[in-house]
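Colleague: What follows is structure.cif, mmCIF, N, CA and C atoms.
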data_protein
loop_
_atom_site.label_atom_id
_atom_site.label_comp_id
_atom_site.auth_asym_id
_atom_site.auth_seq_id
_atom_site.Cartn_x
_atom_site.Cartn_y
_atom_site.Cartn_z
N MET A 1 60.31 85.11 67.89
CA MET A 1 61.43 86.04 67.88
C MET A 1 61.68 86.47 66.44
N SER A 2 61.81 87.75 66.23
CA SER A 2 62.05 88.25 64.88
C SER A 2 63.53 88.11 64.53
N THR A 3 63.82 88.18 63.26
CA THR A 3 65.19 88.07 62.78
C THR A 3 66.05 89.20 63.34
N LEU A 4 65.50 90.40 63.37
CA LEU A 4 66.27 91.55 63.86
C LEU A 4 66.69 91.36 65.31
N SER A 5 65.77 90.95 66.17
CA SER A 5 66.14 90.77 67.58
C SER A 5 67.12 89.62 67.74
N TYR A 6 67.00 88.59 66.92
CA TYR A 6 67.94 87.47 66.98
C TYR A 6 69.35 87.93 66.65
N GLU A 7 69.47 88.74 65.58
CA GLU A 7 70.79 89.23 65.21
C GLU A 7 71.35 90.15 66.28
N THR A 8 70.52 90.96 66.88
CA THR A 8 70.97 91.87 67.93
C THR A 8 71.43 91.10 69.15
N GLU A 9 70.71 90.07 69.53
CA GLU A 9 71.08 89.29 70.70
C GLU A 9 72.36 88.50 70.48
N ARG A 10 72.63 88.09 69.25
CA ARG A 10 73.80 87.29 68.96
C ARG A 10 75.08 88.11 68.82
N ARG A 11 74.95 89.41 68.61
CA ARG A 11 76.11 90.26 68.44
C ARG A 11 76.81 90.43 69.78
N PRO A 12 78.13 90.21 69.83
CA PRO A 12 78.83 90.38 71.11
C PRO A 12 78.79 91.83 71.57
N PRO A 13 78.49 92.07 72.83
CA PRO A 13 78.39 93.44 73.34
C PRO A 13 79.74 94.04 73.68
N ASN A 14 80.66 94.09 72.72
CA ASN A 14 82.01 94.55 73.02
C ASN A 14 82.20 96.04 72.81
N ASN A 15 81.18 96.73 72.31
CA ASN A 15 81.37 98.15 72.05
C ASN A 15 80.68 99.04 73.08
N ALA A 16 80.09 98.47 74.10
CA ALA A 16 79.45 99.21 75.19
C ALA A 16 78.46 100.25 74.68
N GLY A 17 77.87 99.98 73.54
CA GLY A 17 76.87 100.90 73.01
C GLY A 17 77.44 102.11 72.30
N LEU A 18 78.72 102.08 71.94
CA LEU A 18 79.30 103.22 71.22
C LEU A 18 78.74 103.27 69.81
N HIS A 19 78.47 104.47 69.36
CA HIS A 19 78.02 104.67 67.99
C HIS A 19 79.21 104.68 67.05
N ARG A 20 78.95 104.49 65.78
CA ARG A 20 80.01 104.47 64.78
C ARG A 20 80.82 105.77 64.82
N ASP A 21 80.16 106.90 65.01
CA ASP A 21 80.86 108.18 65.07
C ASP A 21 81.80 108.26 66.28
N GLU A 22 81.39 107.67 67.39
CA GLU A 22 82.24 107.67 68.58
C GLU A 22 83.47 106.79 68.38
N VAL A 23 83.29 105.67 67.72
CA VAL A 23 84.43 104.80 67.42
C VAL A 23 85.36 105.51 66.45
N HIS A 24 84.80 106.22 65.47
CA HIS A 24 85.62 106.98 64.52
C HIS A 24 86.43 108.05 65.25
N LEU A 25 85.81 108.73 66.19
CA LEU A 25 86.50 109.74 66.99
C LEU A 25 87.69 109.10 67.71
N LEU A 26 87.46 107.95 68.34
CA LEU A 26 88.55 107.27 69.05
C LEU A 26 89.66 106.85 68.09
N SER A 27 89.29 106.42 66.90
CA SER A 27 90.32 106.00 65.94
C SER A 27 91.17 107.19 65.50
N LEU A 28 90.56 108.36 65.33
CA LEU A 28 91.34 109.55 64.99
C LEU A 28 92.27 109.93 66.14
N LEU A 29 91.76 109.87 67.35
CA LEU A 29 92.58 110.21 68.51
C LEU A 29 93.72 109.21 68.69
N ALA A 30 93.50 107.96 68.32
CA ALA A 30 94.52 106.92 68.46
C ALA A 30 95.72 107.18 67.56
N THR A 31 95.52 107.94 66.48
CA THR A 31 96.64 108.25 65.58
C THR A 31 97.57 109.29 66.18
N GLY A 32 97.16 109.91 67.28
CA GLY A 32 98.00 110.90 67.92
C GLY A 32 97.73 112.33 67.46
N LEU A 33 96.68 112.49 66.66
CA LEU A 33 96.34 113.84 66.20
C LEU A 33 95.91 114.71 67.38
N PRO A 34 96.30 115.98 67.38
CA PRO A 34 95.81 116.89 68.41
C PRO A 34 94.31 117.16 68.22
N ILE A 35 93.68 117.62 69.26
CA ILE A 35 92.23 117.89 69.25
C ILE A 35 91.86 118.82 68.10
N GLU A 36 92.67 119.83 67.85
CA GLU A 36 92.37 120.80 66.80
C GLU A 36 92.34 120.13 65.42
N SER A 37 93.27 119.21 65.18
CA SER A 37 93.30 118.50 63.90
C SER A 37 92.12 117.56 63.75
N VAL A 38 91.76 116.90 64.84
CA VAL A 38 90.59 116.02 64.82
C VAL A 38 89.35 116.85 64.53
N ALA A 39 89.26 118.01 65.15
CA ALA A 39 88.11 118.89 64.93
C ALA A 39 88.01 119.31 63.47
N ARG A 40 89.15 119.66 62.87
CA ARG A 40 89.13 120.04 61.45
C ARG A 40 88.67 118.88 60.58
N ARG A 41 89.14 117.68 60.87
CA ARG A 41 88.74 116.51 60.07
C ARG A 41 87.25 116.22 60.21
N LEU A 42 86.71 116.46 61.40
CA LEU A 42 85.29 116.18 61.63
C LEU A 42 84.41 117.38 61.30
N ASN A 43 85.05 118.49 60.95
CA ASN A 43 84.34 119.73 60.62
C ASN A 43 83.49 120.23 61.79
N VAL A 44 84.09 120.19 62.97
CA VAL A 44 83.45 120.72 64.18
C VAL A 44 84.49 121.54 64.93
N CYS A 45 84.08 122.22 65.97
CA CYS A 45 85.04 123.01 66.74
C CYS A 45 85.73 122.11 67.79
N PRO A 46 86.91 122.50 68.23
CA PRO A 46 87.63 121.71 69.23
C PRO A 46 86.82 121.47 70.51
N ARG A 47 86.01 122.44 70.89
CA ARG A 47 85.18 122.28 72.09
C ARG A 47 84.21 121.10 71.92
N THR A 48 83.69 120.93 70.71
CA THR A 48 82.78 119.82 70.44
C THR A 48 83.51 118.49 70.55
N VAL A 49 84.74 118.44 70.06
CA VAL A 49 85.54 117.22 70.17
C VAL A 49 85.77 116.88 71.64
N ARG A 50 86.13 117.88 72.43
CA ARG A 50 86.36 117.63 73.87
C ARG A 50 85.09 117.14 74.55
N ARG A 51 83.95 117.73 74.20
CA ARG A 51 82.67 117.32 74.78
C ARG A 51 82.34 115.88 74.40
N ARG A 52 82.56 115.56 73.14
CA ARG A 52 82.30 114.19 72.69
C ARG A 52 83.24 113.20 73.36
N CYS A 53 84.47 113.60 73.57
CA CYS A 53 85.43 112.74 74.28
C CYS A 53 84.96 112.46 75.70
N ARG A 54 84.49 113.50 76.38
CA ARG A 54 83.97 113.31 77.74
C ARG A 54 82.79 112.36 77.73
N GLY A 55 81.92 112.50 76.72
CA GLY A 55 80.76 111.62 76.62
C GLY A 55 81.15 110.17 76.41
N VAL A 56 82.14 109.93 75.56
CA VAL A 56 82.62 108.57 75.32
C VAL A 56 83.23 108.01 76.60
N CYS A 57 84.05 108.81 77.25
CA CYS A 57 84.69 108.35 78.50
C CYS A 57 83.64 108.00 79.55
N ASP A 58 82.64 108.83 79.69
CA ASP A 58 81.57 108.55 80.65
C ASP A 58 80.82 107.27 80.28
N LYS A 59 80.57 107.10 79.00
CA LYS A 59 79.80 105.95 78.53
C LYS A 59 80.51 104.63 78.81
N ILE A 60 81.84 104.61 78.62
CA ILE A 60 82.56 103.35 78.80
C ILE A 60 83.23 103.24 80.17
N GLY A 61 83.12 104.30 80.97
CA GLY A 61 83.59 104.23 82.35
C GLY A 61 85.09 104.37 82.53
N VAL A 62 85.70 105.26 81.75
CA VAL A 62 87.13 105.53 81.90
C VAL A 62 87.31 107.01 82.24
N ASN A 63 88.54 107.37 82.63
CA ASN A 63 88.79 108.73 83.09
C ASN A 63 89.53 109.63 82.12
N SER A 64 90.04 109.07 81.03
CA SER A 64 90.81 109.89 80.10
C SER A 64 90.65 109.37 78.68
N VAL A 65 91.03 110.21 77.73
CA VAL A 65 90.98 109.81 76.33
C VAL A 65 91.98 108.69 76.07
N ILE A 66 93.12 108.73 76.72
CA ILE A 66 94.12 107.67 76.55
C ILE A 66 93.53 106.33 76.99
N GLU A 67 92.84 106.33 78.13
CA GLU A 67 92.20 105.10 78.58
C GLU A 67 91.11 104.66 77.60
N ALA A 68 90.38 105.61 77.04
CA ALA A 68 89.31 105.28 76.09
C ALA A 68 89.88 104.65 74.83
N VAL A 69 90.98 105.20 74.34
CA VAL A 69 91.63 104.64 73.15
C VAL A 69 92.14 103.23 73.45
N ALA A 70 92.75 103.05 74.62
CA ALA A 70 93.24 101.71 74.99
C ALA A 70 92.08 100.73 75.13
N TRP A 71 90.98 101.19 75.71
CA TRP A 71 89.79 100.36 75.87
C TRP A 71 89.29 99.89 74.50
N ALA A 72 89.20 100.82 73.54
CA ALA A 72 88.72 100.50 72.19
C ALA A 72 89.68 99.57 71.47
N ALA A 73 90.97 99.78 71.67
CA ALA A 73 91.97 98.92 71.03
C ALA A 73 91.89 97.49 71.58
N ARG A 74 91.70 97.35 72.88
CA ARG A 74 91.59 96.01 73.46
C ARG A 74 90.38 95.26 72.90
N ARG A 75 89.34 95.98 72.56
CA ARG A 75 88.12 95.36 72.02
C ARG A 75 88.14 95.31 70.49
N ARG A 76 89.28 95.70 69.92
CA ARG A 76 89.48 95.69 68.47
C ARG A 76 88.44 96.52 67.72
N LEU A 77 88.03 97.61 68.34
CA LEU A 77 87.13 98.54 67.68
C LEU A 77 87.90 99.49 66.78
N ILE A 78 89.17 99.70 67.13
CA ILE A 78 90.01 100.61 66.33
C ILE A 78 91.28 99.88 65.96
#
What would the structure in this file look like if it were written as structure tokens?

Modeller:
Amino acid sequence: MSTLSYETERRPPNNAGLHRDEVHLLSLLATGLPIESVARRLNVCPRTVRRRCRGVCDKIGVNSVIEAVAWAARRRLI
């Protein structure tokens, strides 16, 4: 077993495969910023933020951004 696979196997799977950018998106949304403000901070259009939110929700199996933020907070990702 290589060192890399050992470290990967030992890491708790609490992020459901979310990328750092997805966690950052959730942390911005958790502050209560509107989609337009989040989009400006990420230098993308609001439609892109909404699309990414849908992707995160699908990935972790929730139905709304509020649920996604709560999910991330429970896992101490944000």

Colleague: Identify all residues of chain A in alpha helix (DSSP H) (DSSP on the backbone) and supply them as a PyMOL selection string.

Modeller: chain A and resi 3-10+20-30+35-42+46-60+65-74

Colleague: Set the distance at 8 Å and use only N, CA and C atoms: which residues neighbour segment 54-69 of chain A once local chain neighbours fewer than 2 positions away are removed? I'd like the list as a list in words.

Modeller: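 Residues meeting the cut-off are Asn15, Ala16, Gly17, Leu18, Glu22, Leu26, Ser27, Leu29, Ala30, Thr48, Val49, Arg50, Arg51, Arg52, Trp71, Ala72, Ala73, Arg74, Arg75 and Ile78 of chain A.
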
Colleague: As AutoDock Vina command-line options, what would the box around segment 18-25 of chain A look like: edges along x, y and z, 5 Å added on every side, centre and edge lengths in Å to one decimal?

Modeller:
--center_x 82.9 --center_y 105.9 --center_z 68.2 --size_x 19.7 --size_y 17.7 --size_z 17.4

Colleague: Expressed in Å to a single decimal, how great is the separation between atom CA of Leu25 of chain A and atom CA of Leu42 of chain A?

Modeller: 8.5 Å

Colleague: Any idea what the distance is between atom N of Cys53 of chain A and atom CA of Leu77 of chain A?

Modeller: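 So the two atoms, atom N of Cys53 of chain A and atom CA of Leu77 of chain A, lie 16.4 Å apart.
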
Colleague: How many Å lie between atom CA of Arg47 of chain A and atom CA of Ala70 of chain A, rounded to one decimal?

Modeller: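 The value is 22.3 Å.
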
Colleague: Start from the incomplete input, build all heavy atoms for segment 25-36 of chain A, and deliver everything as a PDB file, in the frame of the given file.

Modeller:
ATOM      1  N   LEU A  25      85.810 108.730  66.190  1.00  0.00           N
ATOM      2  CA  LEU A  25      86.500 109.740  66.990  1.00  0.00           C
ATOM      3  C   LEU A  25      87.690 109.100  67.710  1.00  0.00           C
ATOM      4  O   LEU A  25      88.801 109.621  67.691  1.00  0.00           O
ATOM      5  CB  LEU A  25      85.544 110.378  67.996  1.00  0.00           C
ATOM      6  CG  LEU A  25      86.158 111.321  69.018  1.00  0.00           C
ATOM      7  CD1 LEU A  25      86.758 112.548  68.345  1.00  0.00           C
ATOM      8  CD2 LEU A  25      85.125 111.727  70.048  1.00  0.00           C
ATOM      9  N   LEU A  26      87.460 107.950  68.340  1.00  0.00           N
ATOM     10  CA  LEU A  26      88.550 107.270  69.050  1.00  0.00           C
ATOM     11  C   LEU A  26      89.660 106.850  68.090  1.00  0.00           C
ATOM     12  O   LEU A  26      90.842 106.916  68.434  1.00  0.00           O
ATOM     13  CB  LEU A  26      88.007 106.066  69.812  1.00  0.00           C
ATOM     14  CG  LEU A  26      87.154 106.377  71.026  1.00  0.00           C
ATOM     15  CD1 LEU A  26      86.574 105.107  71.619  1.00  0.00           C
ATOM     16  CD2 LEU A  26      87.945 107.147  72.078  1.00  0.00           C
ATOM     17  N   SER A  27      89.290 106.420  66.900  1.00  0.00           N
ATOM     18  CA  SER A  27      90.320 106.000  65.940  1.00  0.00           C
ATOM     19  C   SER A  27      91.170 107.190  65.500  1.00  0.00           C
ATOM     20  O   SER A  27      92.387 107.051  65.325  1.00  0.00           O
ATOM     21  CB  SER A  27      89.699 105.289  64.740  1.00  0.00           C
ATOM     22  OG  SER A  27      88.970 106.176  63.951  1.00  0.00           O
ATOM     23  N   LEU A  28      90.560 108.360  65.330  1.00  0.00           N
ATOM     24  CA  LEU A  28      91.340 109.550  64.990  1.00  0.00           C
ATOM     25  C   LEU A  28      92.270 109.930  66.140  1.00  0.00           C
ATOM     26  O   LEU A  28      93.430 110.283  65.927  1.00  0.00           O
ATOM     27  CB  LEU A  28      90.409 110.714  64.659  1.00  0.00           C
ATOM     28  CG  LEU A  28      89.640 110.615  63.345  1.00  0.00           C
ATOM     29  CD1 LEU A  28      88.647 111.767  63.230  1.00  0.00           C
ATOM     30  CD2 LEU A  28      90.587 110.600  62.163  1.00  0.00           C
ATOM     31  N   LEU A  29      91.760 109.870  67.350  1.00  0.00           N
ATOM     32  CA  LEU A  29      92.580 110.210  68.510  1.00  0.00           C
ATOM     33  C   LEU A  29      93.720 109.210  68.690  1.00  0.00           C
ATOM     34  O   LEU A  29      94.808 109.565  69.144  1.00  0.00           O
ATOM     35  CB  LEU A  29      91.719 110.282  69.764  1.00  0.00           C
ATOM     36  CG  LEU A  29      90.709 111.437  69.759  1.00  0.00           C
ATOM     37  CD1 LEU A  29      89.691 111.248  70.868  1.00  0.00           C
ATOM     38  CD2 LEU A  29      91.419 112.773  69.888  1.00  0.00           C
ATOM     39  N   ALA A  30      93.500 107.960  68.320  1.00  0.00           N
ATOM     40  CA  ALA A  30      94.520 106.920  68.460  1.00  0.00           C
ATOM     41  C   ALA A  30      95.720 107.180  67.560  1.00  0.00           C
ATOM     42  O   ALA A  30      96.822 106.710  67.843  1.00  0.00           O
ATOM     43  CB  ALA A  30      93.920 105.557  68.150  1.00  0.00           C
ATOM     44  N   THR A  31      95.520 107.940  66.480  1.00  0.00           N
ATOM     45  CA  THR A  31      96.640 108.250  65.580  1.00  0.00           C
ATOM     46  C   THR A  31      97.570 109.290  66.180  1.00  0.00           C
ATOM     47  O   THR A  31      98.642 109.533  65.635  1.00  0.00           O
ATOM     48  CB  THR A  31      96.133 108.759  64.219  1.00  0.00           C
ATOM     49  OG1 THR A  31      95.467 110.001  64.407  1.00  0.00           O
ATOM     50  CG2 THR A  31      95.236 107.741  63.542  1.00  0.00           C
ATOM     51  N   GLY A  32      97.160 109.910  67.280  1.00  0.00           N
ATOM     52  CA  GLY A  32      98.000 110.900  67.920  1.00  0.00           C
ATOM     53  C   GLY A  32      97.730 112.330  67.460  1.00  0.00           C
ATOM     54  O   GLY A  32      98.454 113.247  67.822  1.00  0.00           O
ATOM     55  N   LEU A  33      96.680 112.490  66.660  1.00  0.00           N
ATOM     56  CA  LEU A  33      96.340 113.840  66.200  1.00  0.00           C
ATOM     57  C   LEU A  33      95.910 114.710  67.380  1.00  0.00           C
ATOM     58  O   LEU A  33      95.216 114.233  68.277  1.00  0.00           O
ATOM     59  CB  LEU A  33      95.182 113.791  65.207  1.00  0.00           C
ATOM     60  CG  LEU A  33      95.470 113.230  63.828  1.00  0.00           C
ATOM     61  CD1 LEU A  33      94.169 113.075  63.050  1.00  0.00           C
ATOM     62  CD2 LEU A  33      96.435 114.133  63.083  1.00  0.00           C
ATOM     63  N   PRO A  34      96.300 115.980  67.380  1.00  0.00           N
ATOM     64  CA  PRO A  34      95.810 116.890  68.410  1.00  0.00           C
ATOM     65  C   PRO A  34      94.310 117.160  68.220  1.00  0.00           C
ATOM     66  O   PRO A  34      93.763 116.981  67.124  1.00  0.00           O
ATOM     67  CB  PRO A  34      96.626 118.155  68.215  1.00  0.00           C
ATOM     68  CG  PRO A  34      97.261 118.044  66.889  1.00  0.00           C
ATOM     69  CD  PRO A  34      97.259 116.603  66.485  1.00  0.00           C
ATOM     70  N   ILE A  35      93.680 117.620  69.260  1.00  0.00           N
ATOM     71  CA  ILE A  35      92.230 117.890  69.250  1.00  0.00           C
ATOM     72  C   ILE A  35      91.860 118.820  68.100  1.00  0.00           C
ATOM     73  O   ILE A  35      90.859 118.612  67.417  1.00  0.00           O
ATOM     74  CB  ILE A  35      91.788 118.499  70.594  1.00  0.00           C
ATOM     75  CG1 ILE A  35      91.981 117.511  71.743  1.00  0.00           C
ATOM     76  CG2 ILE A  35      90.355 118.999  70.535  1.00  0.00           C
ATOM     77  CD1 ILE A  35      91.057 116.329  71.729  1.00  0.00           C
ATOM     78  N   GLU A  36      92.670 119.830  67.850  1.00  0.00           N
ATOM     79  CA  GLU A  36      92.370 120.800  66.800  1.00  0.00           C
ATOM     80  C   GLU A  36      92.340 120.130  65.420  1.00  0.00           C
ATOM     81  O   GLU A  36      91.492 120.445  64.587  1.00  0.00           O
ATOM     82  CB  GLU A  36      93.375 121.952  66.825  1.00  0.00           C
ATOM     83  CG  GLU A  36      93.254 122.847  68.034  1.00  0.00           C
ATOM     84  CD  GLU A  36      93.817 122.224  69.326  1.00  0.00           C
ATOM     85  OE1 GLU A  36      94.581 121.225  69.246  1.00  0.00           O
ATOM     86  OE2 GLU A  36      93.468 122.719  70.405  1.00  0.00           O
TER      87      GLU A  36
END
